[in-house]
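> My structure file my_file_0.cif, mmCIF, C-alpha atoms, is below:
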```
data_start
loop_
_atom_site.label_atom_id
_atom_site.label_comp_id
_atom_site.auth_asym_id
_atom_site.auth_seq_id
_atom_site.Cartn_x
_atom_site.Cartn_y
_atom_site.Cartn_z
CA MET A 1 163.56 142.00 117.55
CA ALA A 2 162.78 144.81 115.20
CA TYR A 3 161.17 143.98 111.90
CA GLU A 4 163.39 144.27 108.87
CA PHE A 5 161.78 145.56 105.73
CA GLU A 6 162.58 143.51 102.68
CA PHE A 7 161.39 144.82 99.36
CA ALA A 8 163.41 142.44 97.21
CA PRO A 9 160.89 139.56 97.57
CA VAL A 10 158.25 141.89 96.12
CA LEU A 11 160.39 143.14 93.28
CA GLU A 12 160.89 139.56 92.12
CA TYR A 13 157.30 139.78 90.97
CA THR A 14 157.65 143.05 89.08
CA ASP A 15 156.26 141.52 85.90
CA LEU A 16 153.08 140.44 87.71
CA LEU A 17 152.66 143.90 89.23
CA LEU A 18 153.12 145.58 85.87
CA LYS A 19 150.63 143.21 84.28
CA GLY A 20 148.15 143.96 87.05
CA ALA A 21 148.73 147.70 86.65
CA PHE A 22 148.15 147.38 82.92
CA PHE A 23 144.81 145.65 83.50
CA THR A 24 143.77 148.22 86.08
CA ILE A 25 144.50 150.96 83.54
CA ALA A 26 142.69 149.04 80.77
CA LEU A 27 139.64 148.50 83.00
CA THR A 28 139.63 152.19 83.87
CA ALA A 29 140.00 153.26 80.25
CA VAL A 30 137.06 151.15 79.07
CA GLY A 31 135.04 152.15 82.12
CA ALA A 32 135.80 155.84 81.59
CA VAL A 33 134.93 155.92 77.87
CA PHE A 34 131.62 154.09 78.23
CA GLY A 35 130.83 155.59 81.63
CA ILE A 36 131.24 159.16 80.37
CA GLY A 37 129.33 158.21 77.21
CA LEU A 38 126.48 156.91 79.35
CA GLY A 39 126.75 160.05 81.44
CA ILE A 40 126.33 162.28 78.38
CA ILE A 41 123.21 160.35 77.32
CA GLY A 42 121.82 160.49 80.85
CA ALA A 43 122.61 164.16 81.26
CA VAL A 44 120.91 165.07 77.97
CA CYS A 45 117.83 163.04 78.88
CA ARG A 46 117.63 164.74 82.24
CA ALA A 47 118.46 168.26 81.05
CA TRP A 48 115.94 168.17 78.20
CA ARG A 49 113.38 166.25 80.29
CA LEU A 50 112.99 163.49 77.71
CA GLN A 51 110.41 161.32 79.48
CA PRO A 52 110.40 158.51 80.43
CA PHE A 53 114.20 158.40 80.15
CA ALA A 54 114.69 161.41 82.39
CA ALA A 55 112.79 159.72 85.22
CA LEU A 56 114.60 156.41 84.67
CA PHE A 57 117.97 158.13 84.78
CA ALA A 58 116.98 160.01 87.93
CA VAL A 59 116.19 156.73 89.70
CA TYR A 60 119.35 155.09 88.34
CA VAL A 61 121.55 157.95 89.55
CA GLU A 62 120.10 157.83 93.07
CA LEU A 63 120.33 154.03 93.30
CA ILE A 64 123.96 153.92 92.23
CA ARG A 65 125.15 156.96 94.16
CA ASN A 66 123.68 155.69 97.42
CA THR A 67 125.04 152.14 97.39
CA PRO A 68 128.67 150.96 97.64
CA PHE A 69 130.55 149.94 94.51
CA LEU A 70 131.49 146.62 96.13
CA VAL A 71 127.83 145.70 96.62
CA GLN A 72 127.02 146.70 93.03
CA LEU A 73 129.84 144.46 91.89
CA PHE A 74 128.65 141.52 94.00
CA PHE A 75 125.10 142.03 92.83
CA ILE A 76 126.20 141.89 89.20
CA PHE A 77 128.65 139.02 89.58
CA PHE A 78 126.86 136.78 92.08
CA GLY A 79 123.28 137.97 91.75
CA LEU A 80 122.68 138.10 88.02
CA PRO A 81 123.51 134.42 87.35
CA SER A 82 120.44 133.44 89.37
CA LEU A 83 118.41 135.32 86.76
CA GLY A 84 120.11 133.20 84.12
CA ILE A 85 122.56 135.92 83.06
CA HIS A 86 126.05 134.48 83.26
CA ILE A 87 128.97 136.86 82.96
CA GLY A 88 132.66 136.44 83.62
CA GLU A 89 134.69 138.43 86.13
CA TRP A 90 136.05 140.85 83.52
CA GLU A 91 132.63 141.60 82.09
CA ALA A 92 131.25 142.05 85.61
CA ALA A 93 134.06 144.42 86.58
CA VAL A 94 133.72 146.52 83.42
CA LEU A 95 129.93 146.57 83.68
CA ALA A 96 130.05 147.64 87.31
CA MET A 97 132.54 150.42 86.54
CA VAL A 98 130.54 151.71 83.58
CA ILE A 99 127.30 151.67 85.57
CA ASN A 100 128.96 153.36 88.55
CA LEU A 101 130.77 156.07 86.58
CA GLY A 102 127.72 156.53 84.36
CA ALA A 103 125.62 157.58 87.34
CA TYR A 104 128.16 160.07 88.68
CA SER A 105 128.95 161.56 85.28
CA THR A 106 125.23 161.94 84.50
CA GLU A 107 125.00 164.18 87.54
CA ILE A 108 128.26 166.01 86.79
CA ILE A 109 127.55 166.65 83.09
CA ARG A 110 123.96 167.64 83.84
CA ALA A 111 125.34 170.40 86.06
CA GLY A 112 127.59 171.43 83.16
CA ILE A 113 124.70 171.57 80.70
CA ALA A 114 122.65 173.57 83.19
CA SER A 115 125.47 176.11 83.36
CA VAL A 116 125.25 176.93 79.64
CA PRO A 117 123.33 180.22 79.36
CA LYS A 118 120.14 180.11 77.32
CA GLY A 119 121.30 183.02 75.19
CA GLN A 120 124.02 180.78 73.75
CA LEU A 121 121.39 178.48 72.25
CA GLU A 122 119.47 181.42 70.85
CA ALA A 123 122.67 182.77 69.35
CA ALA A 124 123.35 179.38 67.80
CA ALA A 125 119.84 179.32 66.31
CA SER A 126 120.35 182.79 64.89
CA LEU A 127 123.50 181.51 63.18
CA ALA A 128 121.33 178.89 61.47
CA MET A 129 122.91 176.01 63.34
CA ASN A 130 120.69 172.98 63.39
CA ARG A 131 119.72 171.16 66.58
CA TYR A 132 122.61 168.73 66.37
CA GLU A 133 125.26 171.35 65.62
CA SER A 134 124.10 173.67 68.35
CA PHE A 135 124.05 170.78 70.82
CA ARG A 136 127.50 169.61 69.89
CA TYR A 137 129.30 172.94 69.68
CA VAL A 138 127.28 175.23 71.90
CA VAL A 139 125.99 172.97 74.67
CA LEU A 140 128.08 169.84 75.03
CA ARG A 141 131.52 171.27 74.46
CA PRO A 142 131.32 174.17 76.91
CA ALA A 143 129.48 171.91 79.39
CA LEU A 144 132.23 169.29 79.29
CA GLN A 145 134.82 172.04 79.50
CA THR A 146 133.22 173.37 82.69
CA VAL A 147 132.97 170.00 84.42
CA TRP A 148 136.12 168.38 83.07
CA PRO A 149 138.03 168.71 86.39
CA ALA A 150 135.12 167.08 88.25
CA LEU A 151 134.97 164.27 85.69
CA THR A 152 138.72 163.77 86.04
CA SER A 153 138.39 163.35 89.81
CA GLN A 154 135.54 160.91 89.33
CA VAL A 155 137.51 158.78 86.87
CA ILE A 156 140.35 158.63 89.41
CA ILE A 157 137.92 157.66 92.18
CA VAL A 158 136.56 154.86 90.00
CA MET A 159 140.10 153.70 89.17
CA LEU A 160 140.97 153.56 92.87
CA GLY A 161 137.67 151.85 93.58
CA SER A 162 138.47 149.15 91.03
CA ALA A 163 140.84 147.68 93.65
CA VAL A 164 137.84 145.82 95.08
CA CYS A 165 137.33 144.00 91.77
CA SER A 166 140.00 141.62 93.05
CA GLN A 167 137.22 140.23 95.25
CA ILE A 168 135.50 138.64 92.27
CA ALA A 169 138.88 137.40 90.98
CA THR A 170 139.35 140.01 88.26
CA GLU A 171 143.09 139.82 87.76
CA GLU A 172 143.96 143.49 88.15
CA LEU A 173 146.59 145.16 90.32
CA THR A 174 145.19 144.28 93.75
CA PHE A 175 144.62 140.70 92.65
CA ALA A 176 148.30 140.53 91.69
CA ALA A 177 149.26 142.02 95.07
CA ASN A 178 147.14 139.47 96.95
CA PHE A 179 148.76 136.68 94.98
CA ILE A 180 152.28 137.98 95.58
CA GLN A 181 151.85 138.45 99.33
CA SER A 182 150.48 134.92 99.60
CA ARG A 183 153.72 133.69 98.03
CA ASN A 184 156.37 135.80 99.71
CA PHE A 185 154.61 136.44 103.07
CA ARG A 186 155.66 140.08 102.85
CA ALA A 187 152.20 141.57 103.07
CA PHE A 188 153.20 145.05 104.18
CA GLU A 189 155.94 145.55 101.61
CA THR A 190 153.77 144.15 98.82
CA TYR A 191 150.84 146.41 99.59
CA PHE A 192 153.16 149.35 100.11
CA ILE A 193 154.59 149.02 96.62
CA THR A 194 151.13 148.35 95.17
CA THR A 195 149.83 151.51 96.82
CA ALA A 196 152.69 153.46 95.27
CA ILE A 197 151.76 152.08 91.85
CA TYR A 198 148.14 153.14 92.35
CA PHE A 199 149.34 156.60 93.32
CA ALA A 200 151.43 156.78 90.15
CA ILE A 201 148.47 155.66 88.03
CA ALA A 202 146.28 158.31 89.66
CA ILE A 203 148.80 161.03 88.80
CA MET A 204 149.12 159.66 85.28
CA ILE A 205 145.35 159.69 84.72
CA ARG A 206 145.13 163.26 85.99
CA GLN A 207 147.81 164.40 83.52
CA LEU A 208 146.25 162.41 80.70
CA MET A 209 142.77 163.82 81.33
CA LEU A 210 144.26 167.30 81.52
CA ALA A 211 145.92 166.76 78.14
CA ILE A 212 142.73 165.34 76.62
CA GLY A 213 140.77 168.28 77.98
CA LYS A 214 143.23 170.77 76.52
CA ARG A 215 143.49 169.07 73.17
CA TYR A 216 139.91 168.01 72.46
CA ILE A 217 137.58 169.84 74.80
CA SER A 218 138.96 173.33 75.25
CA GLY A 219 140.94 173.27 72.01
CA ARG A 220 140.01 175.26 68.95
CA LEU A 221 137.31 173.90 66.72
CA SER A 222 138.84 172.29 63.68
CA MET B 1 124.36 120.09 108.76
CA LEU B 2 121.78 121.84 106.67
CA THR B 3 119.82 124.66 108.14
CA GLN B 4 116.92 126.29 106.43
CA PHE B 5 117.09 130.08 106.40
CA THR B 6 113.81 131.88 106.47
CA THR B 7 113.65 135.38 105.01
CA TRP B 8 113.38 136.67 108.55
CA ASP B 9 116.66 134.91 109.48
CA ILE B 10 118.36 136.61 106.56
CA VAL B 11 117.01 140.03 107.44
CA ARG B 12 117.87 139.59 111.12
CA ASN B 13 121.47 138.67 110.32
CA LEU B 14 121.81 141.55 107.89
CA LEU B 15 120.50 143.97 110.49
CA GLU B 16 123.09 142.67 112.91
CA GLY B 17 125.79 143.44 110.31
CA GLY B 18 124.14 146.76 109.55
CA LYS B 19 124.56 147.75 113.18
CA TRP B 20 128.34 147.51 112.76
CA THR B 21 128.23 149.43 109.51
CA LEU B 22 126.39 152.21 111.32
CA LEU B 23 128.77 152.19 114.29
CA LEU B 24 131.85 152.19 112.09
CA SER B 25 130.45 155.02 109.97
CA LEU B 26 129.71 157.16 113.00
CA LEU B 27 133.09 156.52 114.57
CA ALA B 28 135.04 157.13 111.35
CA PHE B 29 133.06 160.27 110.60
CA PHE B 30 133.59 161.67 114.09
CA LEU B 31 137.28 160.78 114.43
CA GLY B 32 137.88 161.68 110.78
CA GLY B 33 136.28 165.04 111.43
CA VAL B 34 138.54 165.74 114.40
CA THR B 35 141.65 164.65 112.47
CA GLY B 36 140.46 166.52 109.39
CA LEU B 37 140.15 169.72 111.41
CA ILE B 38 143.77 169.40 112.53
CA ILE B 39 144.87 168.70 108.96
CA VAL B 40 142.99 171.67 107.54
CA LEU B 41 144.51 173.97 110.18
CA LEU B 42 147.97 172.70 109.18
CA ARG B 43 147.03 173.09 105.53
CA ILE B 44 146.34 176.81 105.90
CA SER B 45 148.96 177.56 108.53
CA PRO B 46 151.58 180.24 107.82
CA ASN B 47 154.35 177.67 108.31
CA ARG B 48 155.36 176.25 104.95
CA PHE B 49 156.58 172.96 106.39
CA LEU B 50 153.26 172.25 108.10
CA ARG B 51 151.41 173.15 104.92
CA VAL B 52 153.44 170.67 102.91
CA ILE B 53 152.82 167.89 105.45
CA ALA B 54 149.08 168.48 105.29
CA LYS B 55 149.16 168.65 101.51
CA VAL B 56 151.04 165.36 101.23
CA TRP B 57 148.62 163.77 103.70
CA ILE B 58 145.62 164.82 101.61
CA GLU B 59 147.21 163.82 98.29
CA LEU B 60 148.25 160.42 99.61
CA PHE B 61 144.88 159.44 100.99
CA GLN B 62 142.97 160.84 98.04
CA GLY B 63 145.32 159.28 95.51
CA THR B 64 145.38 155.69 96.74
CA PRO B 65 142.63 153.07 97.08
CA LEU B 66 140.86 152.81 100.42
CA LEU B 67 141.42 149.06 100.24
CA MET B 68 145.20 149.56 100.10
CA GLN B 69 145.04 151.99 103.04
CA LEU B 70 143.20 149.37 105.05
CA PHE B 71 145.70 146.66 104.10
CA ILE B 72 148.63 148.87 105.04
CA VAL B 73 147.10 149.81 108.40
CA PHE B 74 146.16 146.20 109.06
CA PHE B 75 149.54 144.66 108.20
CA GLY B 76 151.62 147.69 109.16
CA LEU B 77 150.32 147.89 112.73
CA SER B 78 150.86 144.19 113.29
CA LEU B 79 154.47 144.65 112.18
CA LEU B 80 154.81 147.21 114.94
CA GLY B 81 153.86 144.46 117.31
CA TRP B 82 150.29 145.57 117.91
CA ASP B 83 147.69 142.91 117.77
CA VAL B 84 145.11 144.69 115.63
CA SER B 85 141.65 143.34 115.08
CA ALA B 86 139.83 143.93 111.81
CA TRP B 87 137.61 146.40 113.71
CA THR B 88 140.57 148.50 114.88
CA ALA B 89 142.21 148.48 111.47
CA ALA B 90 138.91 149.39 109.81
CA ALA B 91 138.30 152.26 112.23
CA ILE B 92 141.83 153.66 111.84
CA GLY B 93 141.89 153.24 108.06
CA LEU B 94 138.53 154.88 107.53
CA THR B 95 139.39 157.68 109.94
CA LEU B 96 142.52 158.54 107.94
CA PHE B 97 140.60 158.34 104.65
CA THR B 98 137.80 160.55 105.98
CA SER B 99 140.20 163.11 107.46
CA ALA B 100 141.89 163.72 104.11
CA TYR B 101 138.65 164.29 102.21
CA LEU B 102 137.08 166.44 104.92
CA ALA B 103 140.25 168.54 105.22
CA GLU B 104 140.16 169.21 101.48
CA ILE B 105 136.45 170.10 101.55
CA TRP B 106 136.92 172.44 104.51
CA ARG B 107 139.98 174.08 103.01
CA GLY B 108 137.81 175.13 100.09
CA CYS B 109 135.24 176.55 102.50
CA ILE B 110 137.79 178.49 104.54
CA GLU B 111 139.41 179.89 101.41
CA ALA B 112 135.99 180.94 100.16
CA ILE B 113 135.84 183.49 102.99
CA PRO B 114 137.00 186.81 101.51
CA SER B 115 140.48 187.84 102.66
CA GLY B 116 139.03 191.18 103.77
CA GLN B 117 137.54 189.32 106.73
CA TRP B 118 141.03 188.31 107.88
CA GLU B 119 142.31 191.84 107.38
CA ALA B 120 139.38 193.44 109.14
CA SER B 121 139.73 191.18 112.16
CA ALA B 122 143.50 191.72 112.18
CA SER B 123 142.91 195.46 112.24
CA LEU B 124 140.74 194.90 115.32
CA ALA B 125 143.85 193.44 117.00
CA PHE B 126 142.60 189.84 116.95
CA SER B 127 145.39 187.29 117.14
CA PRO B 128 145.50 184.83 114.22
CA LEU B 129 143.91 182.20 116.46
CA GLN B 130 141.15 184.59 117.48
CA GLN B 131 140.57 185.61 113.86
CA MET B 132 140.12 181.95 113.02
CA ARG B 133 137.95 181.19 116.03
CA TYR B 134 135.63 184.21 116.01
CA VAL B 135 135.57 185.47 112.43
CA ILE B 136 136.56 182.89 109.85
CA LEU B 137 135.37 179.55 111.26
CA PRO B 138 131.79 180.62 112.06
CA GLN B 139 131.34 181.78 108.48
CA ALA B 140 133.19 178.85 106.93
CA LEU B 141 131.17 176.41 109.02
CA ARG B 142 127.97 177.64 107.46
CA ILE B 143 129.07 176.88 103.91
CA ALA B 144 130.86 173.70 105.00
CA ILE B 145 127.80 171.90 106.32
CA PRO B 146 126.15 170.81 103.02
CA PRO B 147 129.27 169.25 101.44
CA THR B 148 130.20 167.67 104.78
CA VAL B 149 126.82 165.97 105.06
CA GLY B 150 127.20 164.96 101.42
CA PHE B 151 130.55 163.37 102.15
CA SER B 152 129.10 161.30 104.99
CA VAL B 153 127.48 159.19 102.25
CA GLN B 154 130.97 158.33 101.00
CA VAL B 155 131.96 157.27 104.52
CA VAL B 156 129.00 154.91 104.84
CA LYS B 157 129.78 153.43 101.43
CA GLY B 158 133.46 153.22 102.32
CA THR B 159 132.69 150.92 105.25
CA ALA B 160 131.73 148.24 102.70
CA VAL B 161 135.40 147.90 101.74
CA THR B 162 136.31 146.94 105.31
CA SER B 163 134.54 143.62 104.70
CA ILE B 164 137.60 142.65 102.65
CA ILE B 165 139.94 142.82 105.64
CA GLY B 166 137.48 140.60 107.48
CA PHE B 167 135.36 143.06 109.42
CA THR B 168 131.86 141.64 109.74
CA GLU B 169 129.64 144.51 108.74
CA LEU B 170 126.72 144.64 106.34
CA THR B 171 128.54 143.54 103.17
CA LYS B 172 130.43 140.74 104.91
CA SER B 173 127.21 139.50 106.51
CA GLY B 174 125.66 139.58 103.04
CA THR B 175 128.50 137.55 101.53
CA MET B 176 128.29 134.93 104.27
CA ILE B 177 124.52 134.64 104.07
CA ALA B 178 124.63 134.49 100.27
CA ASN B 179 127.08 131.60 100.52
CA ALA B 180 124.92 129.80 103.03
CA THR B 181 121.56 130.31 101.35
CA PHE B 182 122.57 130.21 97.66
CA GLU B 183 120.32 133.19 97.11
CA PRO B 184 122.82 135.90 96.14
CA PHE B 185 120.31 137.87 94.09
CA MET B 186 117.95 138.38 97.00
CA VAL B 187 120.66 138.78 99.65
CA PHE B 188 122.72 141.36 97.76
CA GLY B 189 119.50 143.07 96.76
CA LEU B 190 118.65 143.40 100.46
CA VAL B 191 122.19 144.55 101.29
CA ALA B 192 121.99 147.24 98.61
CA THR B 193 118.59 148.28 99.95
CA ALA B 194 120.00 148.60 103.45
CA TYR B 195 122.83 150.85 102.23
CA PHE B 196 120.35 152.86 100.25
CA CYS B 197 118.20 153.37 103.36
CA LEU B 198 121.27 154.66 105.22
CA CYS B 199 122.61 156.87 102.43
CA TYR B 200 119.60 158.26 100.63
CA PRO B 201 118.30 160.35 103.55
CA LEU B 202 121.80 161.82 103.94
CA SER B 203 121.95 162.68 100.22
CA VAL B 204 118.54 164.30 100.31
CA TYR B 205 119.43 166.22 103.45
CA ALA B 206 122.69 167.45 101.90
CA ARG B 207 120.81 168.67 98.83
CA HIS B 208 118.24 170.36 101.02
CA LEU B 209 120.97 172.16 103.00
CA GLU B 210 122.69 173.21 99.79
CA ARG B 211 119.50 174.80 98.53
CA LYS B 212 118.87 176.39 101.90
CA TYR B 213 122.27 178.04 102.18
CA HIS B 214 122.27 178.61 98.45
CA VAL B 215 126.00 178.37 98.13
CA ALA B 216 128.35 176.17 96.22
CA CYS B 217 131.56 175.29 97.96
#
```
What's the structure tokens form of this structure?

Amino acid sequence: MAYEFEFAPVLEYTDLLLKGAFFTIALTAVGAVFGIGLGIIGAVCRAWRLQPFAALFAVYVELIRNTPFLVQLFFIFFGLPSLGIHIGEWEAAVLAMVINLGAYSTEIIRAGIASVPKGQLEAAASLAMNRYESFRYVVLRPALQTVWPALTSQVIIVMLGSAVCSQIATEELTFAANFIQSRNFRAFETYFITTAIYFAIAIMIRQLMLAIGKRYISGRLS
Amino acid sequence: MLTQFTTWDIVRNLLEGGKWTLLLSLLAFFLGGVTGLIIVLLRISPNRFLRVIAKVWIELFQGTPLLMQLFIVFFGLSLLGWDVSAWTAAAIGLTLFTSAYLAEIWRGCIEAIPSGQWEASASLAFSPLQQMRYVILPQALRIAIPPTVGFSVQVVKGTAVTSIIGFTELTKSGTMIANATFEPFMVFGLVATAYFCLCYPLSVYARHLERKYHVAC
């Protein structure tokens, strides 16, 4: 007997899926803002060789980039309580995403900063810009502009990676999918639709980041 | 029954899991490479239909979570009446995932070869296949090696996700031991260390190759 696909039992739970999708997006948004923020700090420390922070960030980047996100998540959620630090599943998920994205964006933004020609800084100094102004307008902005596509891809990778947060019971999209398939016994259909939602979110984030890049990064100075 | 775990017991069990992580990584990287090569050839073929298929393939696997791909393979194949083990599903899922990323990396490398090379070899009466085989691929291969080695780190890390569909590799071993010993801090610390020992040399090697060939792809 051939299997008959039934998507109706999944669509009964549309509200749960939408709620899960919302939380996945919210997790990603918080993770992206703080992760890129952390990345900017790390990149500046490394590019300007501010010791000891430069060395610390170098170690941090290597540690995070060479271990799986899932293990980082487990370490934070299951490991930290034995040091007396108790955090909930949402805090653990956000923390893991920020730490993970922070490491990758440190590396990405550092490459951007390195690509700013030295003459630009000298030109800024000759225009009597102070250190802060020249950093903001002459270094950071063009650097972010250069690496914005790479950052966009990384944010999407982190969003897709957040699917494993369901393993510590963070109630995001995959958690909702696991719950639904345990109710309707339509595992394939449930995960199929969930995958489609993830795909849509990935496209949405790409467009959003593109718009943000156009409006705030490459846009005219106001 | 209560059993006392010595540190050596923990390490021994983790190494046993680590063996499967290593095997799965090698298999997925090899099969993913073969599949990726086919995909990249489709991606740059003159036939528009084949190009679109390859493009959709790459977009789909790069735009959806690895965990969902594993679930779909795992549950999808059993719907087809195949009795799939977690190992089979993990190997197939990771192979597909790897093929999409490698195809995209290699496409960049092939397109980085100046079009004059194609034209020159065409003027020497090479067939398109010969142009690819003797002129383009040897050059593209050279610039493709550093990012390919770099991507192998992602494959090793990707194997961790297969623990969720019940494949007993390093992370799954870690979870089970952490539950049995109530020492999650140490166990997950060791698990992370094991992954680091697998991945860090690859990262360093990739960086070294990049510097050696002095190209960005």
> Using all atoms listed in the file, which chain A residues lie at most 9 Å away from chain B, written as JSON, numbers by chain?
{"A": [2, 3, 62, 63, 64, 65, 66, 67, 68, 69, 70, 71, 72, 74, 75, 76, 78, 79, 80, 81, 82, 83, 156, 157, 159, 160, 161, 162, 163, 164, 167, 174, 187, 188, 189, 191, 192, 194, 195, 196, 197, 198, 199, 200, 201, 202, 203]}
> Check what the PyMOL selection byres ((chain A and resi 134) around 12) selects in the file above and give those residues as a short mmCIF file (atom, residue, chain, number, x, y, z; two decimals) with C-alpha atoms, keeping the file's coordinate frame.

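out_22.cif, written as the output of this step:
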```cif
data_model
loop_
_atom_site.label_atom_id
_atom_site.label_comp_id
_atom_site.auth_asym_id
_atom_site.auth_seq_id
_atom_site.Cartn_x
_atom_site.Cartn_y
_atom_site.Cartn_z
CA VAL A 116 125.25 176.93 79.64
CA LYS A 118 120.14 180.11 77.32
CA GLY A 119 121.30 183.02 75.19
CA GLN A 120 124.02 180.78 73.75
CA LEU A 121 121.39 178.48 72.25
CA GLU A 122 119.47 181.42 70.85
CA ALA A 123 122.67 182.77 69.35
CA ALA A 124 123.35 179.38 67.80
CA ALA A 125 119.84 179.32 66.31
CA SER A 126 120.35 182.79 64.89
CA LEU A 127 123.50 181.51 63.18
CA ALA A 128 121.33 178.89 61.47
CA MET A 129 122.91 176.01 63.34
CA ASN A 130 120.69 172.98 63.39
CA ARG A 131 119.72 171.16 66.58
CA TYR A 132 122.61 168.73 66.37
CA GLU A 133 125.26 171.35 65.62
CA PHE A 135 124.05 170.78 70.82
CA ARG A 136 127.50 169.61 69.89
CA TYR A 137 129.30 172.94 69.68
CA VAL A 138 127.28 175.23 71.90
CA VAL A 139 125.99 172.97 74.67
CA LEU A 140 128.08 169.84 75.03
CA ARG A 141 131.52 171.27 74.46
CA PRO A 142 131.32 174.17 76.91
#
```
> Determine the residue set returned by the PyMOL selection byres ((chain A and resi 213) around 12) for the present structure, and present it as a list in words.
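Selected by the PyMOL selection byres ((chain A and resi 213) around 12) in this file: Arg141, Pro142, Ala143, Leu144, Gln145, Thr146, Val147, Trp148, Pro149, Ala150, Leu151, Thr152, Ile205, Arg206, Gln207, Leu208, Met209, Leu210, Ala211, Ile212, Lys214, Arg215, Tyr216, Ile217, Ser218, Gly219 and Arg220 of chain A.
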> Restricting the output to C-alpha atoms, write the selected residues as a JSON list (two decimals), keeping the file's coordinate frame.

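What ended up in selection.json:
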```json
[["chain", "number", "residue", "atom", "x", "y", "z"],
["A", 141, "ARG", "CA", 131.52, 171.27, 74.46],
["A", 142, "PRO", "CA", 131.32, 174.17, 76.91],
["A", 143, "ALA", "CA", 129.48, 171.91, 79.39],
["A", 144, "LEU", "CA", 132.23, 169.29, 79.29],
["A", 145, "GLN", "CA", 134.82, 172.04, 79.50],
["A", 146, "THR", "CA", 133.22, 173.37, 82.69],
["A", 147, "VAL", "CA", 132.97, 170.00, 84.42],
["A", 148, "TRP", "CA", 136.12, 168.38, 83.07],
["A", 149, "PRO", "CA", 138.03, 168.71, 86.39],
["A", 150, "ALA", "CA", 135.12, 167.08, 88.25],
["A", 151, "LEU", "CA", 134.97, 164.27, 85.69],
["A", 152, "THR", "CA", 138.72, 163.77, 86.04],
["A", 205, "ILE", "CA", 145.35, 159.69, 84.72],
["A", 206, "ARG", "CA", 145.13, 163.26, 85.99],
["A", 207, "GLN", "CA", 147.81, 164.40, 83.52],
["A", 208, "LEU", "CA", 146.25, 162.41, 80.70],
["A", 209, "MET", "CA", 142.77, 163.82, 81.33],
["A", 210, "LEU", "CA", 144.26, 167.30, 81.52],
["A", 211, "ALA", "CA", 145.92, 166.76, 78.14],
["A", 212, "ILE", "CA", 142.73, 165.34, 76.62],
["A", 214, "LYS", "CA", 143.23, 170.77, 76.52],
["A", 215, "ARG", "CA", 143.49, 169.07, 73.17],
["A", 216, "TYR", "CA", 139.91, 168.01, 72.46],
["A", 217, "ILE", "CA", 137.58, 169.84, 74.80],
["A", 218, "SER", "CA", 138.96, 173.33, 75.25],
["A", 219, "GLY", "CA", 140.94, 173.27, 72.01],
["A", 220, "ARG", "CA", 140.01, 175.26, 68.95]]
```
> Calculated over only C-alpha atoms, which of the candidates B:Val40, B:Leu26, B:Phe126, B:Tyr101 has the smallest distance to Ile53 (chain B)?
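Of the candidates, the smallest distance to Ile53 (chain B) is held by B:Val40.
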> CA of Ala103 (chain B) and CA of Leu37 (chain B), how far apart in Å?
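Computed distance, CA of Leu37 (chain B) to CA of Ala103 (chain B), equals 6.3 Å.
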> Just give me the gap between CA of Val34 (chain B) and CA of Ala140 (chain B) in Å, one decimal is fine.
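Here the two named atoms are 16.0 Å from each other.
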> With only C-alpha atoms as the atoms that count, which of A:Val98, A:Ala93, A:Ile25, A:Ala114 lies nearest to Met204 (chain A)?
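For Met204 (chain A), the nearest of the given residues is A:Ile25.
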> Have a look at CA of Val59 (chain A) and CA of Ser166 (chain A) and let me know their distance in Å, one decimal.
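Straight-line distance from CA of Val59 (chain A) to CA of Ser166 (chain A) works out to 28.4 Å.
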> Nearest to Ile92 (chain B) among B:Tyr205, B:Thr162, B:Lys212, B:Phe5, with distances taken over all atoms listed in the file: which residue is it?
B:Thr162
> Near Ile136 (chain B), counting all atoms listed in the file, which residues have an atom at most 12 Å away, once you skip same-chain residues fewer than 4 positions from it, shown as an MDAnalysis selection string?
chainID B and resid 41 106:107 109:122 126 128:132 140:144
> Anything within 9 Å of (119.3, 136.2, 107.0): list those residues as number ranges by chain, counting all atoms listed in the file and sticking to the file's coordinates.
B: 5-15, 173-174, 177-178, 181, 187
> Excluding Ala92 (chain A) and its own-chain neighbours fewer than 2 positions away, which residues fall within 9 Å of it when counting only C-alpha atoms? Please give them as a PyMOL selection string.
chain A and resi 73-74+76-77+87-90+94-97+165+168+170
> What residues come out when you apply the PyMOL selection byres ((chain A and resi 176) around 12) to this file, written as a VMD selection string?
chain A and resid 10 13 to 24 163 165 to 167 169 to 175 177 to 183 190 to 191 193 to 194
> Please identify all polymer residues within 9 Å of Val52 (chain B), counting all atoms listed in the file, omitting same-chain residues fewer than 5 positions from it, and present them as a PDB file with C-alpha atoms, in the frame of the given file.

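Result file result_14.pdb:
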```pdb
ATOM      1  CA  LEU B  42     147.970 172.700 109.180  1.00  0.00           C
ATOM      2  CA  ARG B  43     147.030 173.090 105.530  1.00  0.00           C
ATOM      3  CA  ASN B  47     154.350 177.670 108.310  1.00  0.00           C
ATOM      4  CA  TRP B  57     148.620 163.770 103.700  1.00  0.00           C
TER       5      TRP B  57
END
```
